[in-house]
Amino acid sequence: MADNKDQSSKKPATQAVTGGRRKQWTGAVVNPPVWRASTHLYDSVADLRAGLSANEDGRFFYGRRGSPTQWSLAAALTEMEPGAAGTMLYPSGVSAIACAMLAVLKPGDEILLTDNSYDPSRSYADAFLKRMGITARYYDPMIGSDISSQFTDRTKAILLESPGSLTFEIQDVPAICAAAKQAGIVTLLDNTWATSRFFPAIENGVDISIVAATKYIVGHSDVMMGAATTHDKYWTRLRRTAQQLGQVVSPDDAYLAARGLRTLEVRLKQHEQSALEVAHWLKARPEVGKVLHPALPDCPGHDIWKRDFIGSSGLFSFQLTDGDEQSRTAFIDALTLFGIGYSWGGFESLALPVDPGKHRTATEWAMKGALVRLHIGLEDPDDLIADLAKGFEQFNRIAS
Ligand SMILES: Cc1ncc(COP(=O)(O)O)c(C=O)c1O
């Protein structure tokens, strides 16, 4: 097999299969083996000294800078993001978000966060960054190019999340990033829902694209990992900060994530198809009001989704119009194929009660009734729909 360094001309499915599989890392086998190591041995003192001066990818140094197992995964993620210079891996999605913010902020700065940000991103900004002397302010996710009205001399970064992982607003990422660029402000996007496959973030103007690889990259609900991918301007800073903070993922986890990545294309397409089938079925139910799925017109920013995205994944929410805590609980407890639990992006379906109003400060969440978030896994959608129908039977028993 030839070295797969030039991936840019390949289609996404081919990139996912071949990315990072360089012969110098894989040897004679298909997958890069698990290089479990702290110490890397040098041939001579001169060789050791040379290692100190070069801080490059793909060069042995010490376990904290990774080994071919991690380099291969990072290279594959970079190759799948057009315009990217490199990817850092982190032990969770939250640590990717936290370290990326630290890479671009300093005491006295201000960061603007979208009001639908993942809750731990908010608490990191409100508590940790505040202690560092960095101010966090929140903005309406649908603000678009008006974001510039929020800028002050201290604004140095903007966190976007599109769609939000509870309420699914699609942001006008190109407009926000264009305004930011003009003002010299760095943009960071939580791109976990779409991944670079359905939303090539850097091409759309984002500076640092972050995913909780825990979700669709790993795809099997058995590994925690985060990744941040960026272009030339921020690559050295992102990389140095991660190294200074001692961020490293285990080679075993990197191996599993790379294994998940190989099937990303077929998994995402199936998640998309099944989620759309379930979402349309829900939309026709009398108990359901809005279905907050970016590919459906109910979802704020649906037109932007049509303009900018290549596809939709398996996570969305829906409104039980007359639902309250008790009837929503009865609905979810009656489900047998949907697990009750945090996270998403694995092969299995999940259901979660969500209450986004609790987390908002810049906007009000006025939707009445109760909201349920579903992750549609790889089961047959007919079985999932039958399971949801059982949920509605219980819901109606309580609600009537
Ligand atoms: C949108 C989003 N971003 C980031 C994360 C954090 O990822 P992790 O759980 O790997 O820290 C999550 C986790 O649920 C998420 O939903």
# chains A, B, ... in the order shown; residues from 1 in each chain; ligands from 1

call {"tool": "closest_atom_pairs", "arguments": {"of": "chain A", "to": "ligand 1", "cutoff": "8 Å", "atoms": "only C-alpha atoms and all ligand atoms", "output": "Markdown table"}}
result
| residue | atom | partner | partner_atom_place_in_ligand_line | distance |
| --- | --- | --- | --- | --- |
| A:Pro91 | CA | ligand 1 | 10 (O) | 7.6 |
| A:Ser92 | CA | ligand 1 | 10 (O) | 3.9 |
| A:Gly93 | CA | ligand 1 | 7 (O) | 3.4 |
| A:Val94 | CA | ligand 1 | 11 (O) | 3.9 |
| A:Ser95 | CA | ligand 1 | 11 (O) | 6.5 |
| A:Ala96 | CA | ligand 1 | 11 (O) | 7.9 |
| A:Ile97 | CA | ligand 1 | 4 (C) | 7.5 |
| A:Ser117 | CA | ligand 1 | 1 (C) | 7.5 |
| A:Tyr118 | CA | ligand 1 | 1 (C) | 5.4 |
| A:Pro120 | CA | ligand 1 | 6 (C) | 7.5 |
| A:Ser121 | CA | ligand 1 | 4 (C) | 7.6 |
| A:Glu161 | CA | ligand 1 | 1 (C) | 7.2 |
| A:Gly164 | CA | ligand 1 | 1 (C) | 6.7 |
| A:Ser165 | CA | ligand 1 | 1 (C) | 5.0 |
| A:Asp190 | CA | ligand 1 | 3 (N) | 6.0 |
| A:Asn191 | CA | ligand 1 | 1 (C) | 7.4 |
| A:Thr192 | CA | ligand 1 | 1 (C) | 5.5 |
| A:Trp193 | CA | ligand 1 | 1 (C) | 6.6 |
| A:Val211 | CA | ligand 1 | 4 (C) | 6.7 |
| A:Ala212 | CA | ligand 1 | 7 (O) | 4.3 |
| A:Ala213 | CA | ligand 1 | 10 (O) | 6.4 |
| A:Thr214 | CA | ligand 1 | 10 (O) | 4.7 |
| A:Lys215 | CA | ligand 1 | 10 (O) | 7.2 |
| A:Met224 | CA | ligand 1 | 10 (O) | 5.1 |
| A:Met225 | CA | ligand 1 | 10 (O) | 5.2 |
| A:Gly226 | CA | ligand 1 | 10 (O) | 5.8 |
| A:Tyr342 | CA | ligand 1 | 14 (O) | 6.6 |
| A:Ser343 | CA | ligand 1 | 14 (O) | 4.5 |
| A:Trp344 | CA | ligand 1 | 14 (O) | 6.8 |

call {"tool": "write_last_selection", "arguments": {"atoms": "N, CA, C and O atoms", "output": "compact mmCIF listing (two decimals), in the first residue's frame"}}
result
# COMPACT_ATOMS: atom_id res chain seq x y z
N PRO A 91 -8.16 14.06 26.21
CA PRO A 91 -8.84 12.91 26.83
C PRO A 91 -10.36 13.03 26.92
O PRO A 91 -11.01 12.08 27.37
N SER A 92 -10.95 14.15 26.51
CA SER A 92 -12.42 14.25 26.44
C SER A 92 -12.76 15.44 25.55
O SER A 92 -11.89 16.29 25.27
N GLY A 93 -14.02 15.52 25.18
CA GLY A 93 -14.47 16.68 24.41
C GLY A 93 -14.34 17.95 25.23
O GLY A 93 -13.93 19.00 24.72
N VAL A 94 -14.69 17.86 26.51
CA VAL A 94 -14.61 19.04 27.37
C VAL A 94 -13.16 19.53 27.47
O VAL A 94 -12.89 20.73 27.43
N SER A 95 -12.21 18.61 27.57
CA SER A 95 -10.83 19.07 27.69
C SER A 95 -10.36 19.70 26.37
O SER A 95 -9.56 20.64 26.38
N ALA A 96 -10.89 19.24 25.23
CA ALA A 96 -10.55 19.89 23.95
C ALA A 96 -11.07 21.34 23.94
O ALA A 96 -10.36 22.27 23.53
N ILE A 97 -12.30 21.53 24.40
CA ILE A 97 -12.89 22.88 24.43
C ILE A 97 -12.09 23.76 25.39
O ILE A 97 -11.72 24.90 25.07
N SER A 117 -24.72 26.99 24.27
CA SER A 117 -23.50 26.17 24.43
C SER A 117 -23.75 24.98 25.36
O SER A 117 -24.53 25.08 26.32
N TYR A 118 -23.04 23.92 25.07
CA TYR A 118 -23.05 22.73 25.95
C TYR A 118 -22.75 23.19 27.38
O TYR A 118 -21.82 23.97 27.60
N PRO A 120 -21.31 22.17 30.19
CA PRO A 120 -19.95 22.22 30.76
C PRO A 120 -19.04 23.28 30.10
O PRO A 120 -18.12 23.77 30.75
N SER A 121 -19.30 23.63 28.83
CA SER A 121 -18.52 24.74 28.23
C SER A 121 -18.85 26.03 28.97
O SER A 121 -17.97 26.85 29.24
N GLU A 161 -21.64 26.94 18.64
CA GLU A 161 -22.02 25.53 18.68
C GLU A 161 -23.22 25.42 17.75
O GLU A 161 -24.27 26.02 18.01
N GLY A 164 -26.93 23.67 18.50
CA GLY A 164 -26.83 23.44 19.95
C GLY A 164 -27.30 22.03 20.24
O GLY A 164 -28.21 21.52 19.57
N SER A 165 -26.72 21.38 21.23
CA SER A 165 -26.97 19.94 21.40
C SER A 165 -28.24 19.63 22.18
O SER A 165 -28.56 18.45 22.38
N ASP A 190 -17.85 24.25 18.34
CA ASP A 190 -18.13 22.87 18.76
C ASP A 190 -18.89 22.22 17.61
O ASP A 190 -20.07 22.48 17.40
N ASN A 191 -18.19 21.39 16.85
CA ASN A 191 -18.73 20.80 15.61
C ASN A 191 -19.06 19.32 15.81
O ASN A 191 -19.03 18.54 14.87
N THR A 192 -19.37 18.96 17.06
CA THR A 192 -19.56 17.54 17.39
C THR A 192 -20.72 16.92 16.62
O THR A 192 -20.64 15.78 16.18
N TRP A 193 -21.82 17.65 16.47
CA TRP A 193 -23.03 17.11 15.84
C TRP A 193 -22.78 16.74 14.38
O TRP A 193 -23.20 15.68 13.91
N VAL A 211 -14.30 18.74 18.14
CA VAL A 211 -15.33 17.70 18.28
C VAL A 211 -15.10 16.92 19.57
O VAL A 211 -13.95 16.70 19.97
N ALA A 212 -16.21 16.53 20.20
CA ALA A 212 -16.13 15.48 21.20
C ALA A 212 -16.06 14.20 20.39
O ALA A 212 -17.08 13.70 19.89
N ALA A 213 -14.85 13.67 20.20
CA ALA A 213 -14.68 12.44 19.41
C ALA A 213 -15.36 11.26 20.08
O ALA A 213 -15.66 10.24 19.45
N THR A 214 -15.62 11.43 21.39
CA THR A 214 -16.44 10.49 22.17
C THR A 214 -17.70 10.07 21.41
O THR A 214 -18.17 8.95 21.58
N LYS A 215 -18.24 10.99 20.62
CA LYS A 215 -19.54 10.74 19.95
C LYS A 215 -19.31 9.99 18.63
O LYS A 215 -18.98 8.82 18.65
N MET A 224 -13.69 7.90 25.70
CA MET A 224 -13.81 9.37 25.83
C MET A 224 -12.64 9.99 25.08
O MET A 224 -11.49 9.58 25.27
N MET A 225 -12.94 10.98 24.24
CA MET A 225 -11.85 11.68 23.54
C MET A 225 -12.34 12.99 22.93
O MET A 225 -13.52 13.13 22.60
N GLY A 226 -11.44 13.94 22.81
CA GLY A 226 -11.75 15.19 22.13
C GLY A 226 -10.69 15.49 21.10
O GLY A 226 -9.57 14.95 21.16
N TYR A 342 -26.55 9.88 29.34
CA TYR A 342 -25.88 11.00 28.67
C TYR A 342 -25.03 10.49 27.51
O TYR A 342 -24.80 9.31 27.37
N SER A 343 -24.56 11.45 26.76
CA SER A 343 -23.77 11.23 25.56
C SER A 343 -24.65 10.81 24.39
O SER A 343 -25.89 10.77 24.51
N TRP A 344 -24.03 10.55 23.28
CA TRP A 344 -24.71 10.21 22.03
C TRP A 344 -23.64 9.90 20.99
O TRP A 344 -22.45 9.97 21.30

call {"tool": "select_by_dssp", "arguments": {"residues": "segment 78-119 of chain A", "states": "strand (DSSP E)", "output": "number ranges by chain"}}
result
A: 86-90, 110-114

call {"tool": "write_last_selection", "arguments": {"atoms": "C-alpha atoms", "output": "mmCIF file, in the first residue's frame"}}
result
data_model
loop_
_atom_site.group_PDB
_atom_site.id
_atom_site.type_symbol
_atom_site.label_atom_id
_atom_site.label_comp_id
_atom_site.auth_asym_id
_atom_site.auth_seq_id
_atom_site.Cartn_x
_atom_site.Cartn_y
_atom_site.Cartn_z
ATOM 1 C CA GLY A 86 -3.130 19.951 12.370
ATOM 2 C CA THR A 87 -5.195 18.268 15.077
ATOM 3 C CA MET A 88 -4.570 17.913 18.807
ATOM 4 C CA LEU A 89 -6.162 15.037 20.701
ATOM 5 C CA TYR A 90 -7.478 15.377 24.259
ATOM 6 C CA GLU A 110 -13.378 38.476 26.993
ATOM 7 C CA ILE A 111 -14.978 35.516 25.219
ATOM 8 C CA LEU A 112 -18.471 35.507 23.696
ATOM 9 C CA LEU A 113 -20.305 32.187 23.982
ATOM 10 C CA THR A 114 -23.465 31.182 22.194
#

call {"tool": "residues_around", "arguments": {"residues": "Ile332 of chain A", "least_positions_apart": "4", "cutoff": "7 Å", "atoms": "only C-alpha atoms", "output": "count of residues only"}}
result
3

call {"tool": "residues_around", "arguments": {"residues": "segment 49-64 of chain A", "least_positions_apart": "6", "cutoff": "8 Å", "atoms": "only C-alpha atoms", "output": "PDB file with C-alpha atoms, in the first residue's frame"}}
result
ATOM      1  CA  ALA A  37       5.026   3.593  25.657  1.00  0.00           C
ATOM      2  CA  SER A  38       6.239   6.303  27.962  1.00  0.00           C
ATOM      3  CA  THR A  39       9.987   6.117  27.275  1.00  0.00           C
ATOM      4  CA  HIS A  40      11.231   6.364  23.722  1.00  0.00           C
ATOM      5  CA  TRP A  71      -0.254  10.547  15.219  1.00  0.00           C
ATOM      6  CA  GLN A 243       1.645  20.067  25.425  1.00  0.00           C
ATOM      7  CA  GLY A 246       0.166  17.735  29.521  1.00  0.00           C
ATOM      8  CA  GLN A 247      -2.672  16.582  27.281  1.00  0.00           C
ATOM      9  CA  VAL A 248      -2.240  13.083  25.925  1.00  0.00           C
TER      10      VAL A 248
END

call {"tool": "select_by_dssp", "arguments": {"residues": "segment 54-134 of chain A", "states": "helix (DSSP H, G or I)", "output": "VMD selection string"}}
result
chain A and resid 63 to 65 68 to 79 93 to 104 119 to 131

call {"tool": "residues_around", "arguments": {"residues": "segment 236-239 of chain A", "least_positions_apart": "4", "cutoff": "9 Å", "atoms": "only C-alpha atoms", "output": "PyMOL selection string"}}
result
chain A and resi 86-88+99-100+102-104+208+228-230+232+243-244

call {"tool": "residues_around", "arguments": {"residues": "segment 67-69 of chain A", "least_positions_apart": "6", "cutoff": "7 Å", "atoms": "only C-alpha atoms", "output": "list of chain:residue names"}}
result
A:Trp25, A:Pro32, A:Pro33, A:Val34, A:Trp35, A:Gly58, A:Phe60, A:Pro251, A:Ala254, A:Tyr255

call {"tool": "write_last_selection", "arguments": {"atoms": "C-alpha atoms", "output": "PDB file, in the first residue's frame"}}
result
ATOM      1  CA  TRP A  25       3.275   3.988  11.145  1.00  0.00           C
ATOM      2  CA  PRO A  32      -1.508   1.371  13.118  1.00  0.00           C
ATOM      3  CA  PRO A  33      -0.650  -0.930  16.045  1.00  0.00           C
ATOM      4  CA  VAL A  34      -1.062   0.156  19.659  1.00  0.00           C
ATOM      5  CA  TRP A  35       2.308   1.655  20.590  1.00  0.00           C
ATOM      6  CA  GLY A  58       5.501  11.954  13.589  1.00  0.00           C
ATOM      7  CA  PHE A  60       9.550   9.994  18.526  1.00  0.00           C
ATOM      8  CA  PRO A 251      -2.748   4.682  22.485  1.00  0.00           C
ATOM      9  CA  ALA A 254      -6.552   6.300  19.915  1.00  0.00           C
ATOM     10  CA  TYR A 255      -6.619   2.857  18.326  1.00  0.00           C
TER      11      TYR A 255
END

call {"tool": "closest_residue", "arguments": {"among": "A:Thr187, A:Thr155, A:Thr263, A:Ser312", "to": "Thr18 of chain A", "atoms": "only C-alpha atoms"}}
result
A:Thr263

call {"tool": "residues_around", "arguments": {"residues": "segment 293-297 of chain A", "least_positions_apart": "5", "cutoff": "8 Å", "atoms": "only C-alpha atoms", "output": "short mmCIF file (atom, residue, chain, number, x, y, z; two decimals) with N, CA, C and O atoms, in the first residue's frame"}}
result
data_model
loop_
_atom_site.label_atom_id
_atom_site.label_comp_id
_atom_site.auth_asym_id
_atom_site.auth_seq_id
_atom_site.Cartn_x
_atom_site.Cartn_y
_atom_site.Cartn_z
N PRO A 163 -25.42 22.65 15.33
CA PRO A 163 -26.51 23.12 16.17
C PRO A 163 -26.18 22.95 17.65
O PRO A 163 -25.30 22.17 18.00
N PHE A 168 -30.83 22.80 19.14
CA PHE A 168 -30.58 22.56 17.71
C PHE A 168 -30.66 23.78 16.79
O PHE A 168 -30.79 23.63 15.57
N GLU A 169 -30.53 25.00 17.34
CA GLU A 169 -30.46 26.17 16.47
C GLU A 169 -29.22 26.03 15.58
O GLU A 169 -28.14 25.71 16.06
N ILE A 170 -29.41 26.31 14.29
CA ILE A 170 -28.26 26.35 13.38
C ILE A 170 -27.81 27.80 13.28
O ILE A 170 -28.59 28.69 12.94
N LEU A 276 -34.11 10.89 10.35
CA LEU A 276 -35.11 11.63 9.56
C LEU A 276 -36.44 10.86 9.55
O LEU A 276 -37.51 11.46 9.68
N ALA A 279 -37.97 11.33 12.95
CA ALA A 279 -38.39 12.73 13.14
C ALA A 279 -39.68 13.01 12.39
O ALA A 279 -40.60 13.67 12.92
N HIS A 302 -33.10 26.45 10.05
CA HIS A 302 -33.23 25.37 9.06
C HIS A 302 -32.72 25.80 7.68
O HIS A 302 -32.04 25.03 6.99
N ASP A 303 -33.02 27.05 7.28
CA ASP A 303 -32.57 27.52 5.96
C ASP A 303 -31.05 27.62 5.89
O ASP A 303 -30.45 27.39 4.84
N TRP A 305 -29.08 25.69 7.62
CA TRP A 305 -28.64 24.29 7.51
C TRP A 305 -28.66 23.86 6.04
O TRP A 305 -27.69 23.26 5.55
N LYS A 306 -29.74 24.20 5.34
CA LYS A 306 -29.85 23.80 3.92
C LYS A 306 -28.72 24.44 3.10
O LYS A 306 -28.19 23.83 2.19
N SER A 312 -27.25 15.62 7.91
CA SER A 312 -27.69 15.77 9.30
C SER A 312 -27.39 14.47 10.04
O SER A 312 -27.40 13.39 9.43
N LEU A 315 -29.03 13.15 16.16
CA LEU A 315 -29.46 13.72 17.43
C LEU A 315 -30.44 14.87 17.19
O LEU A 315 -30.15 15.78 16.41
N PHE A 316 -31.59 14.83 17.86
CA PHE A 316 -32.56 15.92 17.77
C PHE A 316 -33.50 15.87 18.97
O PHE A 316 -33.50 14.90 19.73
N SER A 317 -34.29 16.95 19.12
CA SER A 317 -35.26 17.00 20.23
C SER A 317 -36.67 17.18 19.68
O SER A 317 -36.85 17.60 18.54
#

call {"tool": "atom_distance", "arguments": {"atom1": "atom CA of Asp43 of chain A", "atom2": "atom CA of Asn31 of chain A"}}
result
26.7 Å

call {"tool": "closest_residue", "arguments": {"among": "A:Leu188, A:Gln24, A:Leu292, A:Ala98", "to": "Ser123 of chain A", "atoms": "only C-alpha atoms"}}
result
A:Ala98

call {"tool": "closest_residue", "arguments": {"among": "A:His220, A:His359, A:Lys181, A:Arg397", "to": "Asp207 of chain A", "atoms": "only C-alpha atoms"}}
result
A:Lys181
